[in-house]
>>> print(open('start-v6.cif').read())   # mmCIF, C-alpha atoms
data_run
loop_
_atom_site.label_atom_id
_atom_site.label_comp_id
_atom_site.auth_asym_id
_atom_site.auth_seq_id
_atom_site.Cartn_x
_atom_site.Cartn_y
_atom_site.Cartn_z
CA MET A 13 62.84 -170.68 102.98
CA THR A 14 62.34 -172.80 106.09
CA GLU A 15 66.11 -173.03 106.48
CA ARG A 16 66.41 -169.23 106.34
CA LEU A 17 63.73 -168.91 108.99
CA ARG A 18 65.44 -171.51 111.16
CA GLN A 19 68.73 -169.63 110.90
CA SER A 20 66.97 -166.47 112.03
CA LEU A 21 65.40 -168.34 114.93
CA ASP A 22 68.82 -169.66 115.88
CA LYS A 23 70.02 -166.06 116.34
CA ILE A 24 67.33 -165.67 119.00
CA THR A 25 68.02 -168.99 120.71
CA ARG A 26 71.71 -168.13 120.94
CA VAL A 27 70.84 -165.44 123.48
CA ARG A 28 71.60 -166.72 126.96
CA GLY A 29 68.58 -168.10 128.80
CA VAL A 30 66.40 -168.61 125.72
CA ARG A 31 64.81 -172.08 125.72
CA GLY A 32 63.11 -171.85 122.39
CA ALA A 33 61.64 -169.71 119.63
CA LEU A 34 58.73 -170.48 117.34
CA LEU A 35 57.31 -168.81 114.29
CA VAL A 36 53.59 -169.46 114.28
CA THR A 37 50.66 -168.70 112.00
CA GLY A 38 48.43 -166.29 113.89
CA ASP A 39 45.10 -167.59 112.64
CA ASP A 40 45.83 -171.31 112.84
CA GLY A 41 48.29 -171.55 115.71
CA LEU A 42 50.46 -173.93 113.70
CA ILE A 43 54.26 -173.95 113.66
CA VAL A 44 55.96 -172.46 110.59
CA ALA A 45 59.49 -172.93 111.93
CA ASP A 46 60.83 -173.64 115.39
CA ALA A 47 63.98 -174.10 117.42
CA VAL A 48 63.02 -175.34 120.87
CA MET A 49 64.49 -177.53 123.58
CA ASP A 50 63.09 -181.04 123.93
CA SER A 51 61.45 -180.11 127.22
CA VAL A 52 59.21 -177.55 125.49
CA ARG A 53 55.91 -178.71 123.95
CA GLY A 54 56.25 -176.75 120.73
CA ASP A 55 52.80 -177.46 119.31
CA ALA A 56 51.11 -176.44 122.55
CA VAL A 57 53.13 -173.24 122.88
CA ALA A 58 52.40 -172.40 119.23
CA ALA A 59 48.64 -172.87 119.55
CA LEU A 60 48.30 -171.09 122.89
CA GLY A 61 50.82 -168.35 121.99
CA ALA A 62 48.99 -167.49 118.77
CA ASN A 63 45.69 -167.44 120.65
CA LEU A 64 47.22 -165.18 123.29
CA ALA A 65 48.47 -162.78 120.61
CA THR A 66 45.05 -162.68 118.95
CA ARG A 67 43.29 -161.95 122.25
CA MET A 68 45.84 -159.38 123.36
CA ALA A 69 45.57 -157.63 119.97
CA LYS A 70 41.80 -157.42 120.43
CA THR A 71 42.27 -156.15 123.99
CA CYS A 72 44.59 -153.40 122.71
CA GLU A 73 42.10 -152.52 120.00
CA CYS A 74 39.20 -152.33 122.46
CA SER A 75 41.27 -150.31 124.90
CA GLY A 76 42.05 -147.75 122.24
CA VAL A 77 45.82 -148.12 122.65
CA GLY A 78 46.60 -149.07 119.06
CA SER A 79 47.87 -152.30 117.59
CA LEU A 80 49.75 -154.91 119.58
CA GLN A 81 53.55 -154.69 119.38
CA PHE A 82 54.95 -156.89 122.09
CA VAL A 83 53.80 -159.11 124.97
CA HIS A 84 56.09 -159.85 127.93
CA LEU A 85 54.76 -162.45 130.38
CA GLN A 86 56.71 -163.11 133.53
CA SER A 87 55.97 -166.40 135.27
CA VAL A 88 57.42 -168.08 138.36
CA GLN A 89 59.96 -170.12 136.43
CA GLY A 90 60.40 -168.27 133.18
CA THR A 91 59.50 -165.69 130.62
CA LEU A 92 57.27 -165.74 127.57
CA LEU A 93 57.66 -163.13 124.83
CA VAL A 94 55.22 -162.76 121.95
CA MET A 95 55.58 -160.43 118.97
CA PRO A 96 53.33 -160.19 115.91
CA LEU A 97 55.54 -159.92 112.82
CA ALA A 98 54.16 -159.84 109.30
CA GLU A 99 50.44 -160.21 108.77
CA GLU A 100 49.19 -163.46 110.35
CA VAL A 101 52.60 -164.45 111.69
CA VAL A 102 53.54 -164.44 115.37
CA LEU A 103 56.93 -164.98 116.97
CA VAL A 104 56.93 -166.70 120.37
CA VAL A 105 60.03 -166.94 122.56
CA ILE A 106 60.37 -168.94 125.79
CA GLY A 107 63.16 -168.13 128.19
CA ASP A 108 64.45 -168.24 131.74
CA LYS A 109 63.16 -165.88 134.41
CA ASP A 110 66.26 -163.64 134.33
CA ILE A 111 66.53 -163.41 130.54
CA ASN A 112 67.79 -160.17 128.95
CA VAL A 113 64.46 -159.11 127.51
CA GLY A 114 65.86 -156.06 125.71
CA LEU A 115 68.44 -158.11 123.83
CA VAL A 116 65.94 -160.82 122.92
CA ARG A 117 63.48 -158.20 121.73
CA LEU A 118 66.12 -156.74 119.40
CA GLU A 119 66.75 -160.17 117.91
CA MET A 120 62.99 -160.70 117.58
CA GLN A 121 62.66 -157.44 115.66
CA GLY A 122 65.47 -158.59 113.39
CA MET A 123 63.43 -161.68 112.64
CA SER A 124 60.77 -159.59 110.92
CA GLU A 125 63.20 -159.06 108.01
CA ALA A 126 63.35 -162.80 107.43
CA VAL A 127 59.58 -163.13 107.26
CA PRO A 128 58.10 -162.25 103.86
CA MET B 26 24.40 -172.07 127.93
CA ILE B 27 24.59 -174.56 125.08
CA PRO B 28 24.18 -178.08 126.44
CA THR B 29 26.32 -181.13 125.79
CA ARG B 30 24.25 -184.29 125.30
CA SER B 31 25.55 -187.83 125.42
CA ILE B 32 24.05 -191.25 124.84
CA GLU B 33 27.09 -192.87 126.45
CA PRO B 34 27.52 -191.16 129.86
CA TRP B 35 31.33 -191.64 130.00
CA ILE B 36 31.76 -189.31 127.01
CA LYS B 37 30.00 -186.28 128.52
CA GLU B 38 32.61 -184.95 130.93
CA PRO B 39 35.65 -185.25 128.61
CA LEU B 40 33.60 -183.70 125.82
CA GLU B 41 32.49 -180.77 127.97
CA ARG B 42 36.10 -180.15 128.96
CA PHE B 43 37.25 -180.30 125.33
CA VAL B 44 34.55 -177.89 124.15
CA ALA B 45 35.43 -175.39 126.89
CA GLU B 46 39.18 -175.55 126.31
CA ALA B 47 39.28 -175.70 122.53
CA GLY B 48 36.50 -173.15 122.09
CA ALA B 49 34.58 -175.49 119.78
CA ARG B 50 31.18 -174.32 118.60
CA LEU B 51 29.86 -177.72 117.54
CA THR B 52 31.20 -181.17 118.28
CA LEU B 53 30.03 -184.66 117.42
CA ILE B 54 31.42 -187.92 118.75
CA MET B 55 30.28 -190.82 116.63
CA THR B 56 31.17 -194.26 115.39
CA THR B 57 32.90 -194.61 112.03
CA ALA B 58 29.51 -195.67 110.66
CA GLY B 59 28.03 -192.32 111.67
CA GLN B 60 26.09 -193.39 114.77
CA VAL B 61 26.09 -190.41 117.13
CA LEU B 62 27.27 -191.03 120.70
CA ALA B 63 27.44 -187.45 121.95
CA GLN B 64 27.02 -183.93 120.68
CA HIS B 65 27.57 -180.36 121.70
CA GLY B 66 26.02 -177.26 120.19
CA PHE B 67 23.46 -178.74 117.81
CA THR B 68 19.86 -177.80 118.44
CA ARG B 69 18.09 -179.80 115.73
CA ALA B 70 18.16 -183.57 115.34
CA VAL B 71 18.16 -183.29 111.57
CA ASP B 72 21.39 -181.24 111.66
CA VAL B 73 23.10 -183.80 113.88
CA MET B 74 22.10 -186.73 111.70
CA ALA B 75 23.19 -184.92 108.53
CA ALA B 76 26.52 -183.85 110.02
CA ALA B 77 27.19 -187.37 111.33
CA ALA B 78 26.38 -189.00 108.01
CA LEU B 79 28.49 -186.51 106.06
CA GLY B 80 31.38 -186.72 108.55
CA ALA B 81 31.42 -190.51 108.36
CA ALA B 82 31.31 -190.34 104.57
CA ILE B 83 34.21 -187.87 104.43
CA HIS B 84 36.18 -190.11 106.77
CA SER B 85 35.55 -193.16 104.59
CA SER B 86 36.59 -191.24 101.47
CA THR B 87 39.84 -189.96 102.97
CA ARG B 88 40.58 -193.42 104.32
CA GLU B 89 40.35 -194.78 100.79
CA ILE B 90 42.57 -191.98 99.46
CA ALA B 91 45.07 -192.83 102.21
CA ARG B 92 44.99 -196.45 101.17
CA ALA B 93 45.50 -195.46 97.51
CA VAL B 94 48.65 -193.49 98.32
CA GLY B 95 50.01 -196.21 100.59
CA GLU B 96 49.17 -194.67 103.95
CA SER B 97 47.52 -196.87 106.54
CA GLU B 98 45.40 -193.90 107.62
CA PHE B 99 45.22 -190.12 107.76
CA LYS B 100 45.17 -188.87 111.32
CA ALA B 101 42.96 -185.85 110.81
CA LEU B 102 41.36 -183.64 108.22
CA ASN B 103 40.91 -179.90 108.50
CA HIS B 104 38.77 -177.68 106.29
CA GLN B 105 39.39 -173.99 106.77
CA GLY B 106 36.70 -171.47 105.92
CA ILE B 107 36.59 -167.72 106.49
CA ARG B 108 34.42 -167.81 109.62
CA HIS B 109 34.52 -171.50 110.53
CA GLY B 110 36.86 -174.46 110.38
CA ILE B 111 35.95 -178.13 110.43
CA TYR B 112 38.24 -180.68 112.04
CA LEU B 113 37.52 -184.37 111.53
CA ALA B 114 39.67 -186.99 113.25
CA GLU B 115 39.58 -190.62 114.22
CA MET B 116 40.50 -192.00 117.64
CA GLN B 117 41.07 -195.46 119.01
CA THR B 118 39.23 -196.26 122.25
CA PRO B 119 38.58 -199.50 124.16
CA ARG B 120 35.14 -199.37 122.50
CA GLY B 121 36.74 -199.31 119.06
CA ARG B 122 37.35 -196.56 116.55
CA LEU B 123 35.39 -193.35 117.03
CA LEU B 124 35.21 -190.14 115.04
CA ALA B 125 35.14 -186.57 116.25
CA LEU B 126 33.74 -183.79 114.10
CA VAL B 127 34.57 -180.36 115.47
CA VAL B 128 33.38 -177.02 114.12
CA TYR B 129 35.30 -174.01 115.45
CA GLY B 130 35.11 -170.29 114.83
CA THR B 131 37.57 -167.42 114.62
CA GLU B 132 37.90 -167.32 118.42
CA SER B 133 39.71 -170.67 118.21
CA SER B 134 42.17 -172.20 115.75
CA VAL B 135 43.11 -175.54 114.25
CA GLY B 136 46.20 -175.49 116.48
CA LEU B 137 44.11 -175.18 119.63
CA VAL B 138 41.63 -177.82 118.46
CA GLN B 139 44.49 -180.23 117.65
CA LEU B 140 46.11 -179.55 121.00
CA PHE B 141 43.01 -180.23 123.09
CA TYR B 142 41.89 -183.06 120.83
CA GLU B 143 44.89 -185.04 122.08
CA ASP B 144 43.63 -184.47 125.63
CA LEU B 145 40.12 -185.52 124.60
CA VAL B 146 41.40 -188.80 123.17
CA ARG B 147 43.37 -189.51 126.32
CA ASP B 148 40.43 -188.59 128.59
CA LEU B 149 37.98 -190.70 126.62
CA SER B 150 40.30 -193.70 126.65
CA LYS B 151 40.57 -193.35 130.43
CA ALA B 152 36.83 -192.91 130.96
CA CYS B 153 35.72 -195.63 128.56
CA PRO B 154 34.30 -198.75 130.26
CA ARG B 155 36.44 -201.75 129.42
CA GLU B 156 33.68 -204.32 129.01
CA GLU B 157 32.42 -204.66 125.47
CA ARG B 158 28.69 -204.33 124.93
CA LYS B 159 27.61 -207.12 122.63
CA LYS B 160 24.73 -206.09 120.44
CA PRO B 161 23.30 -207.26 117.16
CA VAL B 162 24.05 -204.96 114.23
CA ILE B 163 20.36 -204.25 113.73
CA ALA B 164 18.57 -204.66 117.02
CA SER B 165 15.01 -205.93 116.98
CA ASN B 166 13.98 -202.83 118.92
CA PHE B 167 15.90 -200.56 116.57
CA GLU B 168 13.16 -197.92 116.30
CA ARG B 169 12.72 -197.63 120.05
CA GLU B 170 16.50 -197.35 120.54
CA LEU B 171 16.71 -194.68 117.88
CA ASP B 172 13.97 -192.70 119.62
CA GLU B 173 15.76 -193.06 122.94
CA SER B 174 19.02 -191.90 121.41
CA LEU B 175 17.41 -188.82 119.87
CA ALA B 176 15.70 -188.09 123.19
CA SER B 177 19.08 -188.31 124.97
CA LEU B 178 20.72 -186.03 122.44
CA PHE B 179 17.98 -183.40 122.45
CA ARG B 180 16.03 -183.98 125.68
CA ARG B 181 12.81 -184.44 123.73
#
>>> encode(input="start-v6.cif", output="structure tokens")
Amino acid sequence: MTERLRQSLDKITRVRGVRGALLVTGDDGLIVADAVMDSVRGDAVAALGANLATRMAKTCECSGVGSLQFVHLQSVQGTLLVMPLAEEVVLVVIGDKDINVGLVRLEMQGMSEAVP
Amino acid sequence: MIPTRSIEPWIKEPLERFVAEAGARLTLIMTTAGQVLAQHGFTRAVDVMAAAALGAAIHSSTREIARAVGESEFKALNHQGIRHGIYLAEMQTPRGRLLALVVYGTESSVGLVQLFYEDLVRDLSKACPREERKKPVIASNFERELDESLASLFRR
């Protein structure tokens, strides 16, 4: 199971500019599977990314714009993408500033098939 | 605002930072024997004393289980409930081994608590005075010290 998830994550990390991808439990902020560069603090990204997804989902709910589908954060030196997949599972991707967000998003959507 | 109280002044600032960042509702810093050094979020002395005693007991039990399965120690223990989680972990400081008991709600997570707990351990180790305070196990003025400790923890 974990191997299958890792293979799916590898499809995302093969996209140019992607530094890492993590599958995280939404409630706990713990890593289910990950493929990240050594320079990335996986546990920190998992915990904070899951918390971000939870808060953004609540913001969407309160704003009356429906459920959260995708978060795209642009920072000075990179990009952070967050997508809730199955119930209680969040996919977090870290990439360079000039990453092809559309392509990565497609691969992230493909990941939902690998998650039960 | 819920206050953070500390018998040992060097614990207060790192604990306040941890509580703010991890979103902890209740936190106790205590010795492995259950003597409370600092607390956040508790309003009644009886709750603090009960939580400290139970936390120390749980820690002792898991330590024995660890020993039985050939582990030198378990790093941390997490109990997950529907509305609350309890995180109990040991840390090594220049003042010896201390325990942290953290209660968090749905606005936080075990991942966040774990993440900022590492910072708390580092901050406490930095802030901890290096000189060892030599004290008898049972001080002759034990009752007065206990009263002073409770007054520090609850501003009585």
>>> interface_residues(input="start-v6.cif", of="chain A", to="chain B", cutoff="7 Å", atoms="only C-alpha atoms", output="PyMOL selection string")
chain A and resi 39-42+56+59-60
>>> closest_residue(input="start-v6.cif", among="A:Leu85, A:Met120, A:Leu21, A:Ala126", to="A:Gly61", atoms="all atoms listed in the file")
A:Leu85
>>> resolve_selection(input="start-v6.cif", expression="the PyMOL selection byres ((chain B and resi 69) around 12)", output="list in words")
Gln64, His65, Gly66, Phe67, Thr68, Ala70, Val71, Asp72, Val73, Met74, Ala75, Ala76, Leu175, Ala176, Leu178, Phe179, Arg180 and Arg181 of chain B
>>> axis_aligned_box(input="start-v6.cif", around="stretch 82-85 of chain A", padding_each_side="3 Å", output="JSON")
{"center_x": 54.9, "center_y": -159.7, "center_z": 126.2, "size_x": 8.3, "size_y": 11.6, "size_z": 14.3}
>>> resolve_selection(input="start-v6.cif", expression="the PyMOL selection byres ((chain B and resi 60) around 10)", output="list in words")
Leu53, Ile54, Met55, Thr56, Thr57, Ala58, Gly59, Val61, Leu62, Ala63, Met74, Ala77, Ala78, Ala81, Leu123, Leu124, Leu171 and Ser174 of chain B
>>> closest_residue(input="start-v6.cif", among="B:Gln117, B:Pro28, B:Arg50, B:Ala125", to="B:Tyr142", atoms="all atoms listed in the file")
B:Ala125
>>> resolve_selection(input="start-v6.cif", expression="the PyMOL selection byres ((chain B and resi 95-99) around 12)", output="list in words")
Ile83, His84, Ser85, Ser86, Thr87, Arg88, Glu89, Ile90, Ala91, Arg92, Ala93, Val94, Lys100, Ala101, Leu102, Asn103, Leu113, Ala114, Glu115 and Met116 of chain B
>>> atom_distance(input="start-v6.cif", atom1="atom CA of A:Gln86", atom2="atom CA of A:Arg18")
25.4 Å
>>> atom_distance(input="start-v6.cif", atom1="atom CA of A:Gln89", atom2="atom CA of A:Glu119")
22.1 Å
>>> closest_residue(input="start-v6.cif", among="B:His109, B:Asp148, B:Arg169, B:Cys153", to="B:Pro39", atoms="all atoms listed in the file")
B:Asp148
>>> closest_residue(input="start-v6.cif", among="B:Ala82, B:Val128, B:Leu51, B:Ile36", to="B:Lys151", atoms="only C-alpha atoms")
B:Ile36
>>> decode(input="start-v6.cif", residues="stretch 32-67 of chain B", atoms="N, CA and C atoms", output="PDB file, in the first residue's frame")
ATOM      1  N   ILE B  32       6.532  27.922  38.365  1.00  0.00           N
ATOM      2  CA  ILE B  32       7.295  27.986  39.610  1.00  0.00           C
ATOM      3  C   ILE B  32       8.749  28.328  39.279  1.00  0.00           C
ATOM      4  N   GLU B  33       9.244  27.732  38.201  1.00  0.00           N
ATOM      5  CA  GLU B  33      10.606  28.012  37.743  1.00  0.00           C
ATOM      6  C   GLU B  33      10.489  29.060  36.632  1.00  0.00           C
ATOM      7  N   PRO B  34      10.982  30.274  36.850  1.00  0.00           N
ATOM      8  CA  PRO B  34      10.765  31.375  35.899  1.00  0.00           C
ATOM      9  C   PRO B  34      11.279  31.108  34.486  1.00  0.00           C
ATOM     10  N   TRP B  35      12.353  30.327  34.351  1.00  0.00           N
ATOM     11  CA  TRP B  35      12.941  30.086  33.018  1.00  0.00           C
ATOM     12  C   TRP B  35      12.025  29.270  32.115  1.00  0.00           C
ATOM     13  N   ILE B  36      11.002  28.631  32.684  1.00  0.00           N
ATOM     14  CA  ILE B  36      10.103  27.801  31.865  1.00  0.00           C
ATOM     15  C   ILE B  36       9.007  28.645  31.202  1.00  0.00           C
ATOM     16  N   LYS B  37       8.684  29.776  31.824  1.00  0.00           N
ATOM     17  CA  LYS B  37       7.473  30.518  31.416  1.00  0.00           C
ATOM     18  C   LYS B  37       7.476  30.946  29.940  1.00  0.00           C
ATOM     19  N   GLU B  38       8.531  31.604  29.523  1.00  0.00           N
ATOM     20  CA  GLU B  38       8.536  32.142  28.155  1.00  0.00           C
ATOM     21  C   GLU B  38       8.498  31.039  27.079  1.00  0.00           C
ATOM     22  N   PRO B  39       9.361  30.015  27.193  1.00  0.00           N
ATOM     23  CA  PRO B  39       9.259  28.931  26.192  1.00  0.00           C
ATOM     24  C   PRO B  39       7.889  28.255  26.207  1.00  0.00           C
ATOM     25  N   LEU B  40       7.302  28.127  27.393  1.00  0.00           N
ATOM     26  CA  LEU B  40       5.997  27.476  27.480  1.00  0.00           C
ATOM     27  C   LEU B  40       4.912  28.336  26.825  1.00  0.00           C
ATOM     28  N   GLU B  41       4.970  29.635  27.065  1.00  0.00           N
ATOM     29  CA  GLU B  41       3.983  30.537  26.447  1.00  0.00           C
ATOM     30  C   GLU B  41       4.081  30.472  24.924  1.00  0.00           C
ATOM     31  N   ARG B  42       5.313  30.416  24.435  1.00  0.00           N
ATOM     32  CA  ARG B  42       5.518  30.350  22.984  1.00  0.00           C
ATOM     33  C   ARG B  42       4.953  29.034  22.432  1.00  0.00           C
ATOM     34  N   PHE B  43       5.238  27.945  23.141  1.00  0.00           N
ATOM     35  CA  PHE B  43       4.750  26.630  22.703  1.00  0.00           C
ATOM     36  C   PHE B  43       3.222  26.603  22.650  1.00  0.00           C
ATOM     37  N   VAL B  44       2.600  27.101  23.702  1.00  0.00           N
ATOM     38  CA  VAL B  44       1.130  27.081  23.786  1.00  0.00           C
ATOM     39  C   VAL B  44       0.523  27.873  22.622  1.00  0.00           C
ATOM     40  N   ALA B  45       1.124  29.035  22.337  1.00  0.00           N
ATOM     41  CA  ALA B  45       0.601  29.883  21.255  1.00  0.00           C
ATOM     42  C   ALA B  45       0.763  29.215  19.895  1.00  0.00           C
ATOM     43  N   GLU B  46       1.925  28.603  19.679  1.00  0.00           N
ATOM     44  CA  GLU B  46       2.208  28.041  18.359  1.00  0.00           C
ATOM     45  C   GLU B  46       1.507  26.706  18.121  1.00  0.00           C
ATOM     46  N   ALA B  47       1.492  25.871  19.140  1.00  0.00           N
ATOM     47  CA  ALA B  47       0.903  24.539  18.971  1.00  0.00           C
ATOM     48  C   ALA B  47      -0.613  24.561  19.152  1.00  0.00           C
ATOM     49  N   GLY B  48      -1.140  25.653  19.686  1.00  0.00           N
ATOM     50  CA  GLY B  48      -2.581  25.722  19.927  1.00  0.00           C
ATOM     51  C   GLY B  48      -3.019  24.786  21.033  1.00  0.00           C
ATOM     52  N   ALA B  49      -2.153  24.609  22.041  1.00  0.00           N
ATOM     53  CA  ALA B  49      -2.485  23.705  23.149  1.00  0.00           C
ATOM     54  C   ALA B  49      -3.509  24.345  24.075  1.00  0.00           C
ATOM     55  N   ARG B  50      -4.424  23.556  24.557  1.00  0.00           N
ATOM     56  CA  ARG B  50      -5.430  24.077  25.495  1.00  0.00           C
ATOM     57  C   ARG B  50      -4.910  24.019  26.926  1.00  0.00           C
ATOM     58  N   LEU B  51      -4.293  22.902  27.273  1.00  0.00           N
ATOM     59  CA  LEU B  51      -3.725  22.731  28.614  1.00  0.00           C
ATOM     60  C   LEU B  51      -2.319  22.173  28.466  1.00  0.00           C
ATOM     61  N   THR B  52      -1.425  22.646  29.294  1.00  0.00           N
ATOM     62  CA  THR B  52      -0.065  22.088  29.276  1.00  0.00           C
ATOM     63  C   THR B  52       0.504  22.066  30.692  1.00  0.00           C
ATOM     64  N   LEU B  53       1.154  20.982  31.009  1.00  0.00           N
ATOM     65  CA  LEU B  53       1.853  20.848  32.289  1.00  0.00           C
ATOM     66  C   LEU B  53       3.307  20.514  32.017  1.00  0.00           C
ATOM     67  N   ILE B  54       4.208  21.181  32.707  1.00  0.00           N
ATOM     68  CA  ILE B  54       5.619  20.776  32.708  1.00  0.00           C
ATOM     69  C   ILE B  54       5.908  20.298  34.122  1.00  0.00           C
ATOM     70  N   MET B  55       6.399  19.091  34.232  1.00  0.00           N
ATOM     71  CA  MET B  55       6.591  18.520  35.573  1.00  0.00           C
ATOM     72  C   MET B  55       7.806  17.601  35.587  1.00  0.00           C
ATOM     73  N   THR B  56       8.194  17.228  36.796  1.00  0.00           N
ATOM     74  CA  THR B  56       9.263  16.241  36.922  1.00  0.00           C
ATOM     75  C   THR B  56       8.670  14.858  36.663  1.00  0.00           C
ATOM     76  N   THR B  57       9.534  13.872  36.497  1.00  0.00           N
ATOM     77  CA  THR B  57       9.026  12.517  36.236  1.00  0.00           C
ATOM     78  C   THR B  57       8.304  11.954  37.462  1.00  0.00           C
ATOM     79  N   ALA B  58       8.507  12.601  38.612  1.00  0.00           N
ATOM     80  CA  ALA B  58       7.791  12.175  39.821  1.00  0.00           C
ATOM     81  C   ALA B  58       6.425  12.843  39.940  1.00  0.00           C
ATOM     82  N   GLY B  59       6.135  13.771  39.034  1.00  0.00           N
ATOM     83  CA  GLY B  59       4.831  14.425  39.042  1.00  0.00           C
ATOM     84  C   GLY B  59       4.803  15.766  39.759  1.00  0.00           C
ATOM     85  N   GLN B  60       5.973  16.315  40.087  1.00  0.00           N
ATOM     86  CA  GLN B  60       6.012  17.634  40.723  1.00  0.00           C
ATOM     87  C   GLN B  60       5.869  18.702  39.638  1.00  0.00           C
ATOM     88  N   VAL B  61       4.848  19.530  39.762  1.00  0.00           N
ATOM     89  CA  VAL B  61       4.549  20.506  38.713  1.00  0.00           C
ATOM     90  C   VAL B  61       5.521  21.685  38.767  1.00  0.00           C
ATOM     91  N   LEU B  62       6.065  22.044  37.600  1.00  0.00           N
ATOM     92  CA  LEU B  62       6.971  23.188  37.505  1.00  0.00           C
ATOM     93  C   LEU B  62       6.309  24.379  36.813  1.00  0.00           C
ATOM     94  N   ALA B  63       5.386  24.074  35.909  1.00  0.00           N
ATOM     95  CA  ALA B  63       4.676  25.150  35.211  1.00  0.00           C
ATOM     96  C   ALA B  63       3.389  24.587  34.620  1.00  0.00           C
ATOM     97  N   GLN B  64       2.433  25.475  34.417  1.00  0.00           N
ATOM     98  CA  GLN B  64       1.173  25.017  33.840  1.00  0.00           C
ATOM     99  C   GLN B  64       0.530  26.115  33.011  1.00  0.00           C
ATOM    100  N   HIS B  65      -0.239  25.686  32.029  1.00  0.00           N
ATOM    101  CA  HIS B  65      -1.039  26.636  31.269  1.00  0.00           C
ATOM    102  C   HIS B  65      -2.449  26.080  31.126  1.00  0.00           C
ATOM    103  N   GLY B  66      -3.427  26.908  31.394  1.00  0.00           N
ATOM    104  CA  GLY B  66      -4.810  26.560  31.093  1.00  0.00           C
ATOM    105  C   GLY B  66      -5.631  25.986  32.229  1.00  0.00           C
ATOM    106  N   PHE B  67      -4.972  25.476  33.254  1.00  0.00           N
ATOM    107  CA  PHE B  67      -5.722  24.912  34.384  1.00  0.00           C
ATOM    108  C   PHE B  67      -6.193  26.048  35.296  1.00  0.00           C
TER     109      PHE B  67
END
